Each structure stands twice: as structure tokens, then as C-alpha cells.
file work06.cif (mmCIF, N, CA and C atoms)
data_entry
loop_
_atom_site.label_atom_id
_atom_site.label_comp_id
_atom_site.auth_asym_id
_atom_site.auth_seq_id
_atom_site.Cartn_x
_atom_site.Cartn_y
_atom_site.Cartn_z
N MET W 30 -18.18 0.16 2.76
CA MET W 30 -17.12 -0.16 3.70
C MET W 30 -17.02 -1.67 3.90
N ALA W 31 -18.11 -2.38 3.75
CA ALA W 31 -18.07 -3.84 3.91
C ALA W 31 -17.18 -4.47 2.85
N ILE W 32 -17.25 -3.97 1.63
CA ILE W 32 -16.41 -4.50 0.55
C ILE W 32 -14.94 -4.20 0.84
N ALA W 33 -14.66 -3.00 1.31
CA ALA W 33 -13.29 -2.63 1.65
C ALA W 33 -12.76 -3.53 2.77
N THR W 34 -13.58 -3.80 3.77
CA THR W 34 -13.17 -4.68 4.87
C THR W 34 -12.90 -6.08 4.36
N TYR W 35 -13.78 -6.57 3.51
CA TYR W 35 -13.61 -7.91 2.92
C TYR W 35 -12.30 -7.99 2.13
N LEU W 36 -12.02 -6.93 1.37
CA LEU W 36 -10.78 -6.88 0.59
C LEU W 36 -9.54 -6.90 1.49
N GLY W 37 -9.68 -6.44 2.72
CA GLY W 37 -8.57 -6.48 3.66
C GLY W 37 -8.48 -7.79 4.43
N VAL W 38 -9.63 -8.32 4.83
CA VAL W 38 -9.66 -9.51 5.68
C VAL W 38 -9.18 -10.76 4.94
N VAL W 39 -9.64 -10.97 3.73
CA VAL W 39 -9.33 -12.21 3.01
C VAL W 39 -7.82 -12.41 2.82
N PRO W 40 -7.09 -11.44 2.27
CA PRO W 40 -5.65 -11.68 2.11
C PRO W 40 -4.90 -11.84 3.44
N VAL W 41 -5.35 -11.12 4.47
CA VAL W 41 -4.68 -11.24 5.77
C VAL W 41 -4.89 -12.64 6.33
N ILE W 42 -6.10 -13.15 6.27
CA ILE W 42 -6.38 -14.50 6.79
C ILE W 42 -5.64 -15.56 5.99
N MET W 43 -5.64 -15.41 4.66
CA MET W 43 -4.92 -16.40 3.84
C MET W 43 -3.43 -16.39 4.13
N THR W 44 -2.85 -15.20 4.23
CA THR W 44 -1.41 -15.09 4.51
C THR W 44 -1.07 -15.65 5.88
N LEU W 45 -1.87 -15.29 6.89
CA LEU W 45 -1.60 -15.81 8.23
C LEU W 45 -1.83 -17.31 8.32
N SER W 46 -2.80 -17.83 7.59
CA SER W 46 -3.03 -19.27 7.59
C SER W 46 -1.83 -20.03 7.05
N LEU W 47 -1.15 -19.42 6.06
CA LEU W 47 0.02 -20.08 5.48
C LEU W 47 1.30 -19.85 6.28
N THR W 48 1.38 -18.75 7.02
CA THR W 48 2.61 -18.44 7.74
C THR W 48 2.52 -18.74 9.23
N LEU W 49 1.55 -18.16 9.90
CA LEU W 49 1.40 -18.34 11.34
C LEU W 49 0.69 -19.65 11.68
N GLY W 50 -0.25 -20.05 10.84
CA GLY W 50 -1.05 -21.24 11.09
C GLY W 50 -0.24 -22.48 11.41
N PRO W 51 0.74 -22.84 10.58
CA PRO W 51 1.54 -24.04 10.87
C PRO W 51 2.34 -23.94 12.17
N LEU W 52 2.72 -22.72 12.56
CA LEU W 52 3.50 -22.55 13.78
C LEU W 52 2.68 -22.77 15.05
N ILE W 53 1.40 -22.44 14.98
CA ILE W 53 0.55 -22.54 16.18
C ILE W 53 -0.49 -23.65 16.06
N HIS W 54 -0.40 -24.46 15.02
CA HIS W 54 -1.38 -25.52 14.78
C HIS W 54 -1.46 -26.51 15.94
N SER W 55 -0.35 -26.81 16.57
CA SER W 55 -0.35 -27.82 17.64
C SER W 55 -0.80 -27.27 18.98
N TRP W 56 -1.01 -25.96 19.07
CA TRP W 56 -1.44 -25.35 20.32
C TRP W 56 -2.88 -25.72 20.64
N ASP W 57 -3.28 -25.50 21.86
CA ASP W 57 -4.67 -25.67 22.29
C ASP W 57 -5.58 -24.84 21.38
N PHE W 58 -6.77 -25.39 21.09
CA PHE W 58 -7.71 -24.74 20.16
C PHE W 58 -8.00 -23.29 20.54
N VAL W 59 -8.30 -23.05 21.80
CA VAL W 59 -8.65 -21.69 22.24
C VAL W 59 -7.45 -20.75 22.12
N LEU W 60 -6.29 -21.18 22.59
CA LEU W 60 -5.10 -20.35 22.51
C LEU W 60 -4.72 -20.08 21.04
N ASN W 61 -4.82 -21.10 20.22
CA ASN W 61 -4.56 -20.97 18.79
C ASN W 61 -5.44 -19.87 18.18
N ASN W 62 -6.72 -19.92 18.47
CA ASN W 62 -7.65 -18.94 17.92
C ASN W 62 -7.44 -17.54 18.49
N LEU W 63 -7.13 -17.47 19.78
CA LEU W 63 -6.87 -16.16 20.38
C LEU W 63 -5.67 -15.48 19.73
N VAL W 64 -4.60 -16.22 19.56
CA VAL W 64 -3.38 -15.66 18.96
C VAL W 64 -3.62 -15.32 17.50
N PHE W 65 -4.21 -16.23 16.75
CA PHE W 65 -4.47 -16.00 15.32
C PHE W 65 -5.35 -14.76 15.12
N ASN W 66 -6.42 -14.67 15.87
CA ASN W 66 -7.33 -13.52 15.72
C ASN W 66 -6.71 -12.22 16.21
N ALA W 67 -5.86 -12.29 17.21
CA ALA W 67 -5.16 -11.08 17.65
C ALA W 67 -4.26 -10.56 16.53
N PHE W 68 -3.58 -11.46 15.82
CA PHE W 68 -2.76 -11.04 14.68
C PHE W 68 -3.61 -10.45 13.57
N VAL W 69 -4.75 -11.07 13.28
CA VAL W 69 -5.65 -10.55 12.24
C VAL W 69 -6.11 -9.14 12.59
N VAL W 70 -6.59 -8.95 13.80
CA VAL W 70 -7.10 -7.64 14.22
C VAL W 70 -5.99 -6.59 14.21
N ALA W 71 -4.81 -6.93 14.72
CA ALA W 71 -3.71 -5.97 14.75
C ALA W 71 -3.29 -5.57 13.34
N LEU W 72 -3.13 -6.53 12.45
CA LEU W 72 -2.74 -6.22 11.08
C LEU W 72 -3.79 -5.38 10.37
N LEU W 73 -5.05 -5.73 10.56
CA LEU W 73 -6.12 -4.96 9.92
C LEU W 73 -6.19 -3.54 10.48
N THR W 74 -6.08 -3.40 11.77
CA THR W 74 -6.24 -2.09 12.41
C THR W 74 -5.12 -1.13 12.05
N TRP W 75 -3.88 -1.58 12.13
CA TRP W 75 -2.76 -0.64 12.01
C TRP W 75 -2.04 -0.65 10.68
N ILE W 76 -2.29 -1.65 9.82
CA ILE W 76 -1.59 -1.70 8.55
C ILE W 76 -2.54 -1.75 7.36
N VAL W 77 -3.37 -2.78 7.30
CA VAL W 77 -4.14 -3.06 6.09
C VAL W 77 -5.28 -2.06 5.86
N MET W 78 -6.13 -1.85 6.86
CA MET W 78 -7.29 -0.97 6.64
C MET W 78 -6.90 0.49 6.38
N PRO W 79 -5.89 1.04 7.05
CA PRO W 79 -5.48 2.39 6.66
C PRO W 79 -5.05 2.49 5.20
N LEU W 80 -4.35 1.47 4.71
CA LEU W 80 -3.94 1.46 3.30
C LEU W 80 -5.15 1.35 2.37
N ILE W 81 -6.08 0.47 2.72
CA ILE W 81 -7.26 0.27 1.87
C ILE W 81 -8.15 1.51 1.87
N THR W 82 -8.39 2.09 3.03
CA THR W 82 -9.26 3.27 3.05
C THR W 82 -8.60 4.45 2.33
N ARG W 83 -7.29 4.55 2.39
CA ARG W 83 -6.59 5.60 1.64
C ARG W 83 -6.70 5.34 0.14
N ALA W 84 -6.54 4.09 -0.26
CA ALA W 84 -6.61 3.74 -1.68
C ALA W 84 -8.03 3.90 -2.24
N LEU W 85 -9.04 3.62 -1.42
CA LEU W 85 -10.43 3.69 -1.88
C LEU W 85 -11.14 4.97 -1.41
N HIS W 86 -10.37 5.97 -1.00
CA HIS W 86 -10.94 7.20 -0.46
C HIS W 86 -12.00 7.81 -1.39
N GLY W 87 -11.70 7.90 -2.65
CA GLY W 87 -12.64 8.50 -3.60
C GLY W 87 -13.93 7.72 -3.75
N TRP W 88 -13.86 6.43 -3.55
CA TRP W 88 -15.05 5.59 -3.66
C TRP W 88 -15.83 5.57 -2.35
N LEU W 89 -15.11 5.55 -1.22
CA LEU W 89 -15.78 5.52 0.08
C LEU W 89 -16.43 6.86 0.42
N LEU W 90 -15.77 7.95 0.08
CA LEU W 90 -16.27 9.30 0.37
C LEU W 90 -16.23 10.12 -0.93
N PRO W 91 -17.14 9.87 -1.85
CA PRO W 91 -17.06 10.49 -3.17
C PRO W 91 -17.28 12.00 -3.20
N ASN W 92 -17.95 12.57 -2.22
CA ASN W 92 -18.28 14.00 -2.25
C ASN W 92 -17.31 14.87 -1.47
N ARG W 93 -16.28 14.29 -0.90
CA ARG W 93 -15.34 15.07 -0.09
C ARG W 93 -13.99 15.16 -0.78
N PRO W 94 -13.40 16.33 -0.74
CA PRO W 94 -12.03 16.43 -1.24
C PRO W 94 -11.09 15.65 -0.33
N LYS W 95 -9.92 15.31 -0.83
CA LYS W 95 -9.00 14.45 -0.09
C LYS W 95 -8.57 15.03 1.25
N ASP W 96 -8.42 16.35 1.36
CA ASP W 96 -7.94 16.98 2.59
C ASP W 96 -9.05 17.77 3.28
N SER W 97 -10.18 17.16 3.54
CA SER W 97 -11.28 17.87 4.18
C SER W 97 -11.42 17.49 5.65
N HIS W 98 -10.30 17.27 6.32
CA HIS W 98 -10.34 16.85 7.72
C HIS W 98 -11.03 17.89 8.61
N ALA W 99 -10.89 19.15 8.30
CA ALA W 99 -11.47 20.20 9.13
C ALA W 99 -12.99 20.19 9.07
N GLU W 100 -13.54 19.66 7.98
CA GLU W 100 -14.99 19.67 7.81
C GLU W 100 -15.67 18.41 8.33
N GLN W 101 -14.90 17.43 8.76
CA GLN W 101 -15.49 16.20 9.24
C GLN W 101 -16.21 16.43 10.56
N MET W 102 -17.20 15.58 10.81
CA MET W 102 -17.95 15.67 12.05
C MET W 102 -17.05 15.35 13.23
N PRO W 103 -17.23 16.03 14.34
CA PRO W 103 -16.42 15.70 15.52
C PRO W 103 -16.81 14.33 16.05
N ILE W 104 -15.88 13.71 16.76
CA ILE W 104 -16.16 12.39 17.33
C ILE W 104 -17.27 12.49 18.37
N LEU W 105 -17.20 13.51 19.22
CA LEU W 105 -18.24 13.72 20.21
C LEU W 105 -19.10 14.90 19.77
N PRO W 106 -20.41 14.78 19.86
CA PRO W 106 -21.25 15.91 19.47
C PRO W 106 -21.10 17.07 20.44
N ASN W 107 -21.47 18.22 19.98
CA ASN W 107 -21.44 19.41 20.84
C ASN W 107 -22.52 19.26 21.89
N LEU W 108 -22.14 19.17 23.14
CA LEU W 108 -23.09 18.91 24.21
C LEU W 108 -23.63 20.18 24.85
N LYS W 109 -23.24 21.33 24.34
CA LYS W 109 -23.73 22.58 24.91
C LYS W 109 -25.21 22.76 24.55
N SER W 110 -25.93 23.23 25.52
CA SER W 110 -27.37 23.45 25.33
C SER W 110 -27.60 24.84 24.74
N ASN W 111 -28.65 24.96 23.96
CA ASN W 111 -29.03 26.26 23.41
C ASN W 111 -29.91 27.06 24.36
N VAL W 112 -30.11 26.55 25.55
CA VAL W 112 -30.93 27.22 26.53
C VAL W 112 -30.14 28.38 27.14
N GLN W 113 -30.80 29.54 27.27
CA GLN W 113 -30.12 30.72 27.82
C GLN W 113 -30.49 30.95 29.25
#

call {"tool": "encode", "arguments": {"input": "work06.cif", "output": "C-alpha cells"}}
result
Amino acid sequence: MAIATYLGVVPVIMTLSLTLGPLIHSWDFVLNNLVFNAFVVALLTWIVMPLITRALHGWLLPNRPKDSHAEQMPILPNLKSNVQ
């Protein structure tokens, strides 16, 4: 997953550096970084990483068929006790 993340982060940062960077370059250092990083996180979360994980599905999860959503572990574990 680290390689997949790297494959997503590098092009996003390069693209934003060339497009957004010049627009916010004159801003205060902290505000500049807050805005730039917010764009990076938003693009990675909702656009880039879903595409990358879909494209690399077979490599990231080699033993699962593509539509095995029903077999995935639940987000929260079963908290019921086996005590009778």
C-alpha cells in the first residue's frame, strides 16, 4: 500500500505545485501550507486513491475475487460475548 500511496502522492504534489503553487506563493507560509495540503489530502482521498486502489486491486489483494465485499472483515468487531 505504501507504493500505491507514493504513486498517488507524487503526481498530485507535482501537479499542484505547478498549478496551485504560483497562485498561493505570496500567501503567508502557514496559510500557504494549510491550503496546499488540504488540496493534496482532498484529491488523494476522493479522486486519486480510489482510482489507484481499483487499478491495483489484484496486486493489493491477490487472494480475493474482485467482488468479495460480503466476505470482508467488518469495520467494528463483533462485541457480543460468548458468555451465557

call {"tool": "atom_distance", "arguments": {"input": "work06.cif", "atom1": "CA of Leu89 in chain W", "atom2": "atom C of Thr34 in chain W"}}
result
12.7 Å

call {"tool": "residues_around", "arguments": {"input": "work06.cif", "residues": "Leu45 in chain W", "least_positions_apart": "6", "cutoff": "8 Å", "atoms": "all atoms listed in the file", "output": "CSV table (one decimal) with N, CA and C atoms, keeping the file's coordinate frame"}}
result
chain,number,residue,atom,x,y,z
W,39,VAL,N,-9.6,-11.0,3.7
W,39,VAL,CA,-9.3,-12.2,3.0
W,39,VAL,C,-7.8,-12.4,2.8
W,51,PRO,N,0.7,-22.8,10.6
W,51,PRO,CA,1.5,-24.0,10.9
W,51,PRO,C,2.3,-23.9,12.2
W,65,PHE,N,-4.2,-16.2,16.8
W,65,PHE,CA,-4.5,-16.0,15.3
W,65,PHE,C,-5.4,-14.8,15.1
W,68,PHE,N,-3.6,-11.5,15.8
W,68,PHE,CA,-2.8,-11.0,14.7
W,68,PHE,C,-3.6,-10.4,13.6
W,69,VAL,N,-4.8,-11.1,13.3
W,69,VAL,CA,-5.6,-10.6,12.2
W,69,VAL,C,-6.1,-9.1,12.6

call {"tool": "atom_distance", "arguments": {"input": "work06.cif", "atom1": "atom C of Met78 in chain W", "atom2": "atom N of Tyr35 in chain W"}}
result
10.3 Å

call {"tool": "resolve_selection", "arguments": {"input": "work06.cif", "expression": "the PyMOL selection byres (((chain W and resi 73-75 and name CA) around 12) and name CA)", "output": "ChimeraX atom specification"}}
result
/W:33-42,45,66-72,76-82

call {"tool": "atom_distance", "arguments": {"input": "work06.cif", "atom1": "atom N of Arg83 in chain W", "atom2": "atom C of Thr44 in chain W"}}
result
21.4 Å

call {"tool": "closest_residue", "arguments": {"input": "work06.cif", "among": "W:Met43, W:Val64, W:Met30, W:Leu49", "to": "Trp88 in chain W", "atoms": "all atoms listed in the file"}}
result
W:Met30

call {"tool": "build_atoms", "arguments": {"input": "work06.cif", "residues": "range 69-88 of chain W", "atoms": "N, CA, C and O atoms", "output": "mmCIF file, in the coordinates of the input"}}
result
data_model
loop_
_atom_site.group_PDB
_atom_site.id
_atom_site.type_symbol
_atom_site.label_atom_id
_atom_site.label_comp_id
_atom_site.auth_asym_id
_atom_site.auth_seq_id
_atom_site.Cartn_x
_atom_site.Cartn_y
_atom_site.Cartn_z
ATOM 1 N N VAL W 69 -4.750 -11.070 13.280
ATOM 2 C CA VAL W 69 -5.650 -10.550 12.240
ATOM 3 C C VAL W 69 -6.110 -9.140 12.590
ATOM 4 O O VAL W 69 -6.023 -8.218 11.769
ATOM 5 N N VAL W 70 -6.590 -8.950 13.800
ATOM 6 C CA VAL W 70 -7.100 -7.640 14.220
ATOM 7 C C VAL W 70 -5.990 -6.590 14.210
ATOM 8 O O VAL W 70 -6.186 -5.471 13.719
ATOM 9 N N ALA W 71 -4.810 -6.930 14.720
ATOM 10 C CA ALA W 71 -3.710 -5.970 14.750
ATOM 11 C C ALA W 71 -3.290 -5.570 13.340
ATOM 12 O O ALA W 71 -3.115 -4.372 13.051
ATOM 13 N N LEU W 72 -3.130 -6.530 12.450
ATOM 14 C CA LEU W 72 -2.740 -6.220 11.080
ATOM 15 C C LEU W 72 -3.790 -5.380 10.370
ATOM 16 O O LEU W 72 -3.461 -4.425 9.660
ATOM 17 N N LEU W 73 -5.050 -5.730 10.560
ATOM 18 C CA LEU W 73 -6.120 -4.960 9.920
ATOM 19 C C LEU W 73 -6.190 -3.540 10.480
ATOM 20 O O LEU W 73 -6.340 -2.576 9.723
ATOM 21 N N THR W 74 -6.080 -3.400 11.770
ATOM 22 C CA THR W 74 -6.240 -2.090 12.410
ATOM 23 C C THR W 74 -5.120 -1.130 12.050
ATOM 24 O O THR W 74 -5.383 0.034 11.736
ATOM 25 N N TRP W 75 -3.880 -1.580 12.130
ATOM 26 C CA TRP W 75 -2.760 -0.640 12.010
ATOM 27 C C TRP W 75 -2.040 -0.650 10.680
ATOM 28 O O TRP W 75 -1.247 0.244 10.409
ATOM 29 N N ILE W 76 -2.290 -1.650 9.820
ATOM 30 C CA ILE W 76 -1.590 -1.700 8.550
ATOM 31 C C ILE W 76 -2.540 -1.750 7.360
ATOM 32 O O ILE W 76 -2.542 -0.861 6.506
ATOM 33 N N VAL W 77 -3.370 -2.780 7.300
ATOM 34 C CA VAL W 77 -4.140 -3.060 6.090
ATOM 35 C C VAL W 77 -5.280 -2.060 5.860
ATOM 36 O O VAL W 77 -5.383 -1.475 4.774
ATOM 37 N N MET W 78 -6.130 -1.850 6.860
ATOM 38 C CA MET W 78 -7.290 -0.970 6.640
ATOM 39 C C MET W 78 -6.900 0.490 6.380
ATOM 40 O O MET W 78 -7.537 1.139 5.548
ATOM 41 N N PRO W 79 -5.890 1.040 7.050
ATOM 42 C CA PRO W 79 -5.480 2.390 6.660
ATOM 43 C C PRO W 79 -5.050 2.490 5.200
ATOM 44 O O PRO W 79 -5.375 3.463 4.512
ATOM 45 N N LEU W 80 -4.350 1.470 4.710
ATOM 46 C CA LEU W 80 -3.940 1.460 3.300
ATOM 47 C C LEU W 80 -5.150 1.350 2.370
ATOM 48 O O LEU W 80 -5.229 2.041 1.352
ATOM 49 N N ILE W 81 -6.080 0.470 2.720
ATOM 50 C CA ILE W 81 -7.260 0.270 1.870
ATOM 51 C C ILE W 81 -8.150 1.510 1.870
ATOM 52 O O ILE W 81 -8.617 1.927 0.813
ATOM 53 N N THR W 82 -8.390 2.090 3.030
ATOM 54 C CA THR W 82 -9.260 3.270 3.050
ATOM 55 C C THR W 82 -8.600 4.450 2.330
ATOM 56 O O THR W 82 -9.295 5.245 1.694
ATOM 57 N N ARG W 83 -7.290 4.550 2.390
ATOM 58 C CA ARG W 83 -6.590 5.600 1.640
ATOM 59 C C ARG W 83 -6.700 5.340 0.140
ATOM 60 O O ARG W 83 -6.952 6.253 -0.651
ATOM 61 N N ALA W 84 -6.540 4.090 -0.260
ATOM 62 C CA ALA W 84 -6.610 3.740 -1.680
ATOM 63 C C ALA W 84 -8.030 3.900 -2.240
ATOM 64 O O ALA W 84 -8.202 4.281 -3.394
ATOM 65 N N LEU W 85 -9.040 3.620 -1.420
ATOM 66 C CA LEU W 85 -10.430 3.690 -1.880
ATOM 67 C C LEU W 85 -11.140 4.970 -1.410
ATOM 68 O O LEU W 85 -12.370 5.024 -1.426
ATOM 69 N N HIS W 86 -10.370 5.970 -1.000
ATOM 70 C CA HIS W 86 -10.940 7.200 -0.460
ATOM 71 C C HIS W 86 -12.000 7.810 -1.390
ATOM 72 O O HIS W 86 -13.083 8.170 -0.955
ATOM 73 N N GLY W 87 -11.700 7.900 -2.650
ATOM 74 C CA GLY W 87 -12.640 8.500 -3.600
ATOM 75 C C GLY W 87 -13.930 7.720 -3.750
ATOM 76 O O GLY W 87 -14.979 8.285 -4.033
ATOM 77 N N TRP W 88 -13.860 6.430 -3.550
ATOM 78 C CA TRP W 88 -15.050 5.590 -3.660
ATOM 79 C C TRP W 88 -15.830 5.570 -2.350
ATOM 80 O O TRP W 88 -17.057 5.577 -2.337
#
